[in-house]
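Structure file run_15.pdb (PDB, C-alpha atoms) follows.
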ATOM      1  CA  VAL A   1      92.879  92.502 104.266
ATOM      2  CA  GLY A   2      92.501  89.719 101.773
ATOM      3  CA  VAL A   3      92.755  88.758  98.157
ATOM      4  CA  VAL A   4      90.062  87.237  95.963
ATOM      5  CA  GLU A   5      90.015  86.317  92.318
ATOM      6  CA  ARG A   6      87.926  88.869  90.396
ATOM      7  CA  LYS A   7      85.496  86.190  89.136
ATOM      8  CA  ARG A   8      84.819  85.046  92.730
ATOM      9  CA  ILE A   9      83.923  88.471  94.146
ATOM     10  CA  ILE A  10      80.499  88.526  95.804
ATOM     11  CA  SER A  11      79.376  91.996  94.707
ATOM     12  CA  GLY A  12      75.607  91.658  95.095
ATOM     13  CA  LYS A  13      75.062  92.610  91.434
ATOM     14  CA  SER A  14      73.150  89.369  90.800
ATOM     15  CA  ILE A  15      70.640  89.981  93.626
ATOM     16  CA  ARG A  16      67.086  90.212  92.270
ATOM     17  CA  PRO A  17      63.551  90.655  93.633
ATOM     18  CA  GLY A  18      62.382  87.294  94.968
ATOM     19  CA  ASP A  19      65.756  86.374  96.444
ATOM     20  CA  VAL A  20      65.725  85.299 100.079
ATOM     21  CA  LEU A  21      67.517  86.808 103.077
ATOM     22  CA  ILE A  22      69.006  84.303 105.507
ATOM     23  CA  GLY A  23      70.206  85.446 108.926
ATOM     24  CA  LEU A  24      72.909  83.747 110.966
ATOM     25  CA  ALA A  25      72.563  84.198 114.705
ATOM     26  CA  SER A  26      74.901  86.616 116.444
ATOM     27  CA  SER A  27      76.691  85.839 119.694
ATOM     28  CA  GLY A  28      75.581  89.144 121.182
ATOM     29  CA  ALA A  29      76.017  92.830 120.461
ATOM     30  CA  HIS A  30      79.199  92.223 118.422
ATOM     31  CA  SER A  31      80.640  95.682 117.710
ATOM     32  CA  ASN A  32      77.279  97.436 117.618
ATOM     33  CA  GLY A  33      76.050 100.288 119.762
ATOM     34  CA  TYR A  34      78.539 100.310 122.618
ATOM     35  CA  SER A  35      78.141 104.041 123.257
ATOM     36  CA  LEU A  36      74.438 103.446 123.869
ATOM     37  CA  ILE A  37      75.135 100.217 125.779
ATOM     38  CA  ARG A  38      77.505 102.063 128.150
ATOM     39  CA  LYS A  39      74.840 104.679 128.905
ATOM     40  CA  ILE A  40      72.215 101.999 129.586
ATOM     41  CA  VAL A  41      74.618 100.008 131.797
ATOM     42  CA  GLU A  42      75.491 103.121 133.831
ATOM     43  CA  ARG A  43      71.804 103.734 134.589
ATOM     44  CA  ALA A  44      70.466 100.190 134.872
ATOM     45  CA  ARG A  45      73.290  98.467 136.774
ATOM     46  CA  PRO A  46      72.898  94.962 135.283
ATOM     47  CA  ASP A  47      73.756  91.780 137.141
ATOM     48  CA  ALA A  48      76.938  89.813 136.351
ATOM     49  CA  ALA A  49      75.160  87.462 133.936
ATOM     50  CA  MET A  50      73.881  90.366 131.822
ATOM     51  CA  LEU A  51      77.307  92.016 131.851
ATOM     52  CA  ASP A  52      78.790  88.744 130.578
ATOM     53  CA  SER A  53      76.185  88.675 127.792
ATOM     54  CA  LEU A  54      77.045  92.244 126.839
ATOM     55  CA  MET A  55      80.741  91.365 126.599
ATOM     56  CA  GLU A  56      80.329  88.167 124.566
ATOM     57  CA  PRO A  57      82.964  88.161 121.788
ATOM     58  CA  THR A  58      81.940  88.749 118.182
ATOM     59  CA  ARG A  59      81.198  85.624 116.140
ATOM     60  CA  ILE A  60      83.356  85.064 113.102
ATOM     61  CA  TYR A  61      81.526  83.385 110.210
ATOM     62  CA  VAL A  62      84.419  82.543 107.868
ATOM     63  CA  LYS A  63      84.298  78.732 107.949
ATOM     64  CA  PRO A  64      80.592  78.255 107.191
ATOM     65  CA  ILE A  65      80.660  80.988 104.555
ATOM     66  CA  LEU A  66      83.599  79.366 102.767
ATOM     67  CA  GLU A  67      81.520  76.164 102.566
ATOM     68  CA  LEU A  68      78.613  77.993 100.937
ATOM     69  CA  LEU A  69      80.920  79.830  98.571
ATOM     70  CA  GLU A  70      82.331  76.501  97.381
ATOM     71  CA  ASN A  71      78.798  75.534  96.359
ATOM     72  CA  ASP A  72      78.117  78.921  94.717
ATOM     73  CA  LEU A  73      75.065  79.598  96.894
ATOM     74  CA  ILE A  74      75.685  83.201  98.013
ATOM     75  CA  LYS A  75      74.622  86.228  95.956
ATOM     76  CA  GLY A  76      75.341  88.830  98.641
ATOM     77  CA  MET A  77      76.571  89.151 102.234
ATOM     78  CA  ALA A  78      76.217  91.791 104.912
ATOM     79  CA  HIS A  79      77.966  91.603 108.263
ATOM     80  CA  ILE A  80      75.733  93.424 110.728
ATOM     81  CA  THR A  81      77.993  95.961 112.403
ATOM     82  CA  GLY A  82      77.439  99.654 113.168
ATOM     83  CA  GLY A  83      74.279 100.673 111.346
ATOM     84  CA  GLY A  84      72.386  97.550 112.388
ATOM     85  CA  LEU A  85      70.098  95.590 110.088
ATOM     86  CA  VAL A  86      68.758  98.597 108.212
ATOM     87  CA  GLY A  87      72.139 100.220 107.611
ATOM     88  CA  ASN A  88      74.164  97.221 106.487
ATOM     89  CA  VAL A  89      71.972  95.008 104.315
ATOM     90  CA  PRO A  90      71.206  97.726 101.714
ATOM     91  CA  ARG A  91      74.959  98.072 101.075
ATOM     92  CA  MET A  92      74.976  94.698  99.317
ATOM     93  CA  LEU A  93      71.879  95.400  97.204
ATOM     94  CA  PRO A  94      71.819  96.698  93.642
ATOM     95  CA  LYS A  95      69.858  99.834  92.738
ATOM     96  CA  GLY A  96      66.150  99.285  92.265
ATOM     97  CA  THR A  97      65.838  96.761  95.121
ATOM     98  CA  LYS A  98      64.955  96.841  98.799
ATOM     99  CA  GLU A  99      65.182  94.439 101.690
ATOM    100  CA  VAL A 100      62.053  93.473 103.582
ATOM    101  CA  ILE A 101      62.995  91.836 106.875
ATOM    102  CA  HIS A 102      60.358  90.115 108.990
ATOM    103  CA  GLY A 103      61.346  91.142 112.500
ATOM    104  CA  GLN A 104      59.417  88.295 114.126
ATOM    105  CA  SER A 105      61.163  85.572 112.086
ATOM    106  CA  TRP A 106      63.808  84.943 114.738
ATOM    107  CA  PRO A 107      63.770  85.092 118.534
ATOM    108  CA  ARG A 108      65.294  88.279 119.920
ATOM    109  CA  PRO A 109      67.979  87.299 122.448
ATOM    110  CA  ALA A 110      67.507  88.364 126.061
ATOM    111  CA  VAL A 111      70.395  90.847 125.927
ATOM    112  CA  PHE A 112      68.607  92.882 123.243
ATOM    113  CA  ARG A 113      65.263  92.736 125.057
ATOM    114  CA  TRP A 114      67.041  93.985 128.190
ATOM    115  CA  LEU A 115      68.753  96.825 126.314
ATOM    116  CA  GLN A 116      65.471  97.896 124.722
ATOM    117  CA  GLU A 117      63.567  97.826 128.016
ATOM    118  CA  GLN A 118      66.234  99.407 130.224
ATOM    119  CA  GLY A 119      67.173 102.041 127.672
ATOM    120  CA  ALA A 120      63.619 102.745 126.451
ATOM    121  CA  VAL A 121      64.948 102.249 122.919
ATOM    122  CA  ALA A 122      62.358 102.502 120.128
ATOM    123  CA  GLU A 123      61.980  99.495 117.829
ATOM    124  CA  ASN A 124      63.229 101.323 114.727
ATOM    125  CA  GLU A 125      66.278 102.511 116.686
ATOM    126  CA  MET A 126      66.990  98.930 117.790
ATOM    127  CA  HIS A 127      67.227  97.891 114.124
ATOM    128  CA  ARG A 128      69.400 100.903 113.287
ATOM    129  CA  VAL A 129      71.876 100.474 116.159
ATOM    130  CA  PHE A 130      71.978  96.756 116.998
ATOM    131  CA  ASN A 131      72.052  93.439 115.166
ATOM    132  CA  CYS A 132      69.103  92.266 117.341
ATOM    133  CA  GLY A 133      70.419  88.699 117.217
ATOM    134  CA  ILE A 134      71.399  88.465 113.529
ATOM    135  CA  GLY A 135      75.139  88.805 112.959
ATOM    136  CA  LEU A 136      75.355  88.062 109.239
ATOM    137  CA  VAL A 137      72.778  88.280 106.454
ATOM    138  CA  LEU A 138      73.083  86.342 103.205
ATOM    139  CA  ALA A 139      71.144  86.898 100.006
ATOM    140  CA  VAL A 140      70.481  83.666  98.127
ATOM    141  CA  SER A 141      68.182  82.691  95.287
ATOM    142  CA  ALA A 142      64.775  81.396  96.362
ATOM    143  CA  ARG A 143      65.552  77.998  94.828
ATOM    144  CA  ASN A 144      68.787  77.703  96.881
ATOM    145  CA  ALA A 145      67.451  79.057 100.181
ATOM    146  CA  GLN A 146      66.551  75.738 101.785
ATOM    147  CA  LYS A 147      69.797  74.138 100.592
ATOM    148  CA  ALA A 148      71.798  76.990 102.176
ATOM    149  CA  ILE A 149      69.829  76.765 105.429
ATOM    150  CA  VAL A 150      70.343  72.993 105.655
ATOM    151  CA  GLN A 151      74.052  73.302 104.895
ATOM    152  CA  LEU A 152      74.583  76.084 107.446
ATOM    153  CA  SER A 153      72.606  74.190 110.086
ATOM    154  CA  ALA A 154      74.716  71.076 109.461
ATOM    155  CA  LEU A 155      77.795  73.232 110.088
ATOM    156  CA  GLY A 156      76.428  74.187 113.518
ATOM    157  CA  GLU A 157      74.985  77.590 112.658
ATOM    158  CA  THR A 158      71.675  78.852 113.997
ATOM    159  CA  VAL A 159      69.959  80.075 110.845
ATOM    160  CA  TYR A 160      66.707  81.891 110.096
ATOM    161  CA  ARG A 161      64.886  82.801 106.903
ATOM    162  CA  ILE A 162      64.405  86.476 107.753
ATOM    163  CA  GLY A 163      63.147  88.208 104.646
ATOM    164  CA  VAL A 164      63.074  88.809 100.916
ATOM    165  CA  ILE A 165      64.340  91.170  98.285
ATOM    166  CA  GLU A 166      61.665  93.247  96.594
ATOM    167  CA  LYS A 167      61.638  95.737  93.770
ATOM    168  CA  GLY A 168      62.453  99.211  95.020
ATOM    169  CA  LYS A 169      62.922 102.689  93.625
ATOM    170  CA  GLY A 170      66.383 104.151  93.144
ATOM    171  CA  GLU A 171      68.922 103.481  95.866
ATOM    172  CA  PRO A 172      68.614 100.290  97.920
ATOM    173  CA  ALA A 173      66.359 100.620 100.953
ATOM    174  CA  ALA A 174      65.509  98.697 104.107
ATOM    175  CA  LEU A 175      62.228  97.868 105.747
ATOM    176  CA  VAL A 176      61.685  95.828 108.909
ATOM    177  CA  VAL A 177      58.100  94.661 109.297
TER     178      VAL A 177
END
Could you take the file, read its structure, and then write that structure out as structure tokens?
Amino acid sequence: VGVVERKRIISGKSIRPGDVLIGLASSGAHSNGYSLIRKIVERARPDAAMLDSLMEPTRIYVKPILELLENDLIKGMAHITGGGLVGNVPRMLPKGTKEVIHGQSWPRPAVFRWLQEQGAVAENEMHRVFNCGIGLVLAVSARNAQKAIVQLSALGETVYRIGVIEKGKGEPAALVV
């Protein structure tokens, strides 16, 4: 629970086609897909190192985000929780837009490769259930994208330019290519 001044609310209403999606690396599965993870673990019997990776605590992004907010760089934010990349990012988008995420624009961490292989999880299901290595997505203007990436990197974040906002039809949509 928190309080924010009305004029400082990041509602996503200013997001437009051409804006850039920036992904901040996750620390692991965060709170995503643990029912599926449990089933895969029961069958695959991972080693201790993989179990540790699966239990890595969720990253909290407050400090770096506060820095970007001070510089008025963020147009929208989506924490990638249940619903994965395709379920969460559209929630920040205005009608008439869609996200296009380039799935090869960041390295998929070993824990997600293991889950996909051991669980025979289809690629589209991976993006629906898991964060696949991206814990937070920011929408920024194209002209501010590099500035945001540099600032986040200087704050110790692992950051990727993962996609763009395009014109869509009706309700916000998601596409991972």
- Might you spell out which residues the PyMOL selection byres ((chain A and resi 17) around 6) would select in the displayed file, as a list in words?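 In the shown coordinates, the PyMOL selection byres ((chain A and resi 17) around 6) covers Arg16, Gly18, Asp19, Ile165, Glu166 and Lys167 of chain A.
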Compile the contact shell of Val129 (chain A) as a short mmCIF file (atom, residue, chain, number, x, y, z; two decimals) with C-alpha atoms, in the frame of the given file: residues with an atom at most 12 Å away, counting only C-alpha atoms, same-chain residues fewer than 3 positions apart removed.
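The file below, result.cif, is the result:
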data_model
loop_
_atom_site.label_atom_id
_atom_site.label_comp_id
_atom_site.auth_asym_id
_atom_site.auth_seq_id
_atom_site.Cartn_x
_atom_site.Cartn_y
_atom_site.Cartn_z
CA ALA A 29 76.02 92.83 120.46
CA HIS A 30 79.20 92.22 118.42
CA SER A 31 80.64 95.68 117.71
CA ASN A 32 77.28 97.44 117.62
CA GLY A 33 76.05 100.29 119.76
CA TYR A 34 78.54 100.31 122.62
CA SER A 35 78.14 104.04 123.26
CA LEU A 36 74.44 103.45 123.87
CA ILE A 37 75.14 100.22 125.78
CA ILE A 80 75.73 93.42 110.73
CA THR A 81 77.99 95.96 112.40
CA GLY A 82 77.44 99.65 113.17
CA GLY A 83 74.28 100.67 111.35
CA GLY A 84 72.39 97.55 112.39
CA LEU A 85 70.10 95.59 110.09
CA VAL A 86 68.76 98.60 108.21
CA GLY A 87 72.14 100.22 107.61
CA ASN A 88 74.16 97.22 106.49
CA PHE A 112 68.61 92.88 123.24
CA LEU A 115 68.75 96.82 126.31
CA GLN A 116 65.47 97.90 124.72
CA VAL A 121 64.95 102.25 122.92
CA ALA A 122 62.36 102.50 120.13
CA GLU A 123 61.98 99.50 117.83
CA ASN A 124 63.23 101.32 114.73
CA GLU A 125 66.28 102.51 116.69
CA MET A 126 66.99 98.93 117.79
CA CYS A 132 69.10 92.27 117.34
CA GLY A 133 70.42 88.70 117.22
#
Residues selected by the PyMOL selection byres ((chain A and resi 141-157) around 12), written as JSON, numbers by chain
{"A": [12, 14, 15, 16, 17, 18, 19, 20, 21, 22, 23, 24, 25, 26, 27, 59, 60, 61, 62, 63, 64, 65, 66, 67, 68, 69, 70, 71, 72, 73, 74, 75, 76, 134, 135, 136, 137, 138, 139, 140, 158, 159, 160, 161, 162, 163, 164, 165]}
Expected file: the selected residues, C-alpha atoms, as a PDB file, in the frame of the given file:
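Full text of result32.pdb as output:
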ATOM      1  CA  GLY A  12      75.607  91.658  95.095  1.00  0.00           C
ATOM      2  CA  SER A  14      73.150  89.369  90.800  1.00  0.00           C
ATOM      3  CA  ILE A  15      70.640  89.981  93.626  1.00  0.00           C
ATOM      4  CA  ARG A  16      67.086  90.212  92.270  1.00  0.00           C
ATOM      5  CA  PRO A  17      63.551  90.655  93.633  1.00  0.00           C
ATOM      6  CA  GLY A  18      62.382  87.294  94.968  1.00  0.00           C
ATOM      7  CA  ASP A  19      65.756  86.374  96.444  1.00  0.00           C
ATOM      8  CA  VAL A  20      65.725  85.299 100.079  1.00  0.00           C
ATOM      9  CA  LEU A  21      67.517  86.808 103.077  1.00  0.00           C
ATOM     10  CA  ILE A  22      69.006  84.303 105.507  1.00  0.00           C
ATOM     11  CA  GLY A  23      70.206  85.446 108.926  1.00  0.00           C
ATOM     12  CA  LEU A  24      72.909  83.747 110.966  1.00  0.00           C
ATOM     13  CA  ALA A  25      72.563  84.198 114.705  1.00  0.00           C
ATOM     14  CA  SER A  26      74.901  86.616 116.444  1.00  0.00           C
ATOM     15  CA  SER A  27      76.691  85.839 119.694  1.00  0.00           C
ATOM     16  CA  ARG A  59      81.198  85.624 116.140  1.00  0.00           C
ATOM     17  CA  ILE A  60      83.356  85.064 113.102  1.00  0.00           C
ATOM     18  CA  TYR A  61      81.526  83.385 110.210  1.00  0.00           C
ATOM     19  CA  VAL A  62      84.419  82.543 107.868  1.00  0.00           C
ATOM     20  CA  LYS A  63      84.298  78.732 107.949  1.00  0.00           C
ATOM     21  CA  PRO A  64      80.592  78.255 107.191  1.00  0.00           C
ATOM     22  CA  ILE A  65      80.660  80.988 104.555  1.00  0.00           C
ATOM     23  CA  LEU A  66      83.599  79.366 102.767  1.00  0.00           C
ATOM     24  CA  GLU A  67      81.520  76.164 102.566  1.00  0.00           C
ATOM     25  CA  LEU A  68      78.613  77.993 100.937  1.00  0.00           C
ATOM     26  CA  LEU A  69      80.920  79.830  98.571  1.00  0.00           C
ATOM     27  CA  GLU A  70      82.331  76.501  97.381  1.00  0.00           C
ATOM     28  CA  ASN A  71      78.798  75.534  96.359  1.00  0.00           C
ATOM     29  CA  ASP A  72      78.117  78.921  94.717  1.00  0.00           C
ATOM     30  CA  LEU A  73      75.065  79.598  96.894  1.00  0.00           C
ATOM     31  CA  ILE A  74      75.685  83.201  98.013  1.00  0.00           C
ATOM     32  CA  LYS A  75      74.622  86.228  95.956  1.00  0.00           C
ATOM     33  CA  GLY A  76      75.341  88.830  98.641  1.00  0.00           C
ATOM     34  CA  ILE A 134      71.399  88.465 113.529  1.00  0.00           C
ATOM     35  CA  GLY A 135      75.139  88.805 112.959  1.00  0.00           C
ATOM     36  CA  LEU A 136      75.355  88.062 109.239  1.00  0.00           C
ATOM     37  CA  VAL A 137      72.778  88.280 106.454  1.00  0.00           C
ATOM     38  CA  LEU A 138      73.083  86.342 103.205  1.00  0.00           C
ATOM     39  CA  ALA A 139      71.144  86.898 100.006  1.00  0.00           C
ATOM     40  CA  VAL A 140      70.481  83.666  98.127  1.00  0.00           C
ATOM     41  CA  THR A 158      71.675  78.852 113.997  1.00  0.00           C
ATOM     42  CA  VAL A 159      69.959  80.075 110.845  1.00  0.00           C
ATOM     43  CA  TYR A 160      66.707  81.891 110.096  1.00  0.00           C
ATOM     44  CA  ARG A 161      64.886  82.801 106.903  1.00  0.00           C
ATOM     45  CA  ILE A 162      64.405  86.476 107.753  1.00  0.00           C
ATOM     46  CA  GLY A 163      63.147  88.208 104.646  1.00  0.00           C
ATOM     47  CA  VAL A 164      63.074  88.809 100.916  1.00  0.00           C
ATOM     48  CA  ILE A 165      64.340  91.170  98.285  1.00  0.00           C
TER      49      ILE A 165
END
- Item | Gap from CA of Ala44 (chain A) to CA of Ala110 (chain A) - Å, one decimal |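 Computing the Euclidean distance for CA of Ala44 (chain A) and CA of Ala110 (chain A) yields 15.0 Å.
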Exercise for the section: For CA of Glu56 (chain A) and CA of His102 (chain A), quote the distance in Å rounded to one decimal. Expected result: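 Answer for the CA of Glu56 (chain A) to CA of His102 (chain A) separation: 25.4 Å.
When the PyMOL selection byres ((chain A and resi 97) around 6) is run on the displayed coordinates, the residues it returns are Lys95, Gly96, Lys98, Glu166, Lys167, Gly168 and Pro172 of chain A.
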- Please indicate the distance in Å from CA of Arg8 (chain A) to CA of Ala173 (chain A), rounded to one decimal place.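 So the two atoms, CA of Arg8 (chain A) and CA of Ala173 (chain A), lie 25.5 Å apart.
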Please, what is the axis-aligned box for every listed atom of region 5-18 of chain A with 8 Å on each side, as centre and edge lengths in Å to one decimal, as JSON?
{"center_x": 76.2, "center_y": 88.8, "center_z": 92.5, "size_x": 43.6, "size_y": 23.6, "size_z": 22.7}
Between A:Val111, A:Ile40, A:Val3, A:Leu93, smallest distance to Leu54 (chain A) by all atoms listed in the file belongs to A:Val111
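Distances from A:Arg45, A:Arg108, A:Arg128, A:Ile101 to Val177 (chain A) were compared using all atoms listed in the file, and the smallest one belongs to A:Ile101.
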